[in-house]
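Student: Structure below; questions to follow.
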Amino acid sequence: MNKLSAWVVAAVMLMACETDTKYNTQYPCNFVFFTNIYPTSALTRAVNNPGEFCIVEPETVQGVVHLKLRPNHGTWAAADLDLTMRTAINNERLSYGSMGAGRGLIIGRSNFFGLKAYDLQCPNCLDELGAPRAPLDWADDGRYLECARCHRVYNQDNDDGTIVSNGKKGDHLLIQYRSVNYNATDGRLYVHN
């Protein structure tokens, strides 16, 4: 191998090892949801409609997992916002403990960038506090996400979850998960890092 070839191989290896800071791998995320079981849910609608997003948080009630949903807009029936995971595949075979830093996700379809999944925790407060104590919530009629602790406002509808107000130089963007796959044929939504 000549010197030029060696340099090319070394450069390619260095680029392959470079950390991609756009996506998170620090907090385990392994979320599976079947839209065909819950066809009218807020999460099913968010996955299928550009500009719609949904906050998803698991809660165990009497040994049964419920997915509590908060869409960024719309009027919903209670049954479409509190999903009981009754089937064996949903309640027994799936774990809802690996849903990011604080066990909560924001999932939806961007107007221009396809399916997106972000962590529910404010990335800057998470970094500052070292623990998930600052969940985000909808602001500006669901147009943005805001942290009640630091008041940073994030745009979930763009490609990288940028801060749109109250940010400062060096701030973190929303924690984004690398893989968001949806198969409309079998209704399987899968989010993982």
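All residue names refer to the structure tokens as shown: chains lettered A, B, ... in order, residues numbered from 1 in each chain, ligands numbered from 1 in order.
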With the cut-off set at 12 Å and counting only C-alpha atoms, tabulate each residue of stretch 61-103 of chain A with an atom at most that distance from an atom of stretch 144-161 of chain A, showing the nearest atom pair and its distance in Å to one decimal, ordered by chain and increasing number, as a tab-separated table.

Tutor:
```
residue	atom	partner	partner_atom	distance
A:Arg70	CA	A:Leu145	CA	11.9
A:Pro71	CA	A:Leu145	CA	11.5
A:Asn72	CA	A:Tyr144	CA	8.4
A:His73	CA	A:Tyr144	CA	10.9
```

Student: Could you pull the residues within 9 Å of A:Pro50, counting only C-alpha atoms, minus those fewer than 4 positions along the same chain, as a PyMOL selection string?

Tutor: chain A and resi 46+108-112+114-115

Student: Output C-alpha atoms for every residue in that selection, as a PDB file, in the first residue's frame.

Tutor:
```
ATOM      1  CA  ALA A  46     -49.079  12.104  14.532  1.00  0.00           C
ATOM      2  CA  GLY A 108     -44.361  12.881  14.990  1.00  0.00           C
ATOM      3  CA  ARG A 109     -44.021  13.713  11.346  1.00  0.00           C
ATOM      4  CA  SER A 110     -42.251  16.953  10.473  1.00  0.00           C
ATOM      5  CA  ASN A 111     -43.669  19.074   7.690  1.00  0.00           C
ATOM      6  CA  PHE A 112     -40.413  18.799   5.729  1.00  0.00           C
ATOM      7  CA  GLY A 114     -40.221  13.075   7.846  1.00  0.00           C
ATOM      8  CA  LEU A 115     -40.649  11.085  11.040  1.00  0.00           C
TER       9      LEU A 115
END
```

Student: Provide the atom CA of A:His192 to atom CA of A:Ser179 distance in Å, to one decimal place.

Tutor: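 Atom-to-atom, atom CA of A:His192 to atom CA of A:Ser179, that is 5.4 Å.
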
Student: Measuring atom to atom with only C-alpha atoms, identify which of A:Asn90, A:Asn24, A:Asn30, A:Gln121 is nearest to A:Ile55.

Tutor: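 The answer is A:Gln121, which sits nearest to A:Ile55.
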
Student: Calculate how many Å separate atom CA of A:Ala131 from atom CA of A:Val61, rounding to one decimal.

Tutor: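 Answer for the atom CA of A:Ala131 to atom CA of A:Val61 separation: 24.4 Å.
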
Student: Taking into account only C-alpha atoms, which residue in the set A:Leu94, A:Ile37, A:Thr162, A:Pro135 is nearest to A:Val64?

Tutor: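 Distance minimum relative to A:Val64 lands on A:Leu94.
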
Student: So how many Å separate atom CA of A:Cys125 and atom CA of A:Pro58, to one decimal?

Tutor: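 These atoms are spaced 21.5 Å apart.
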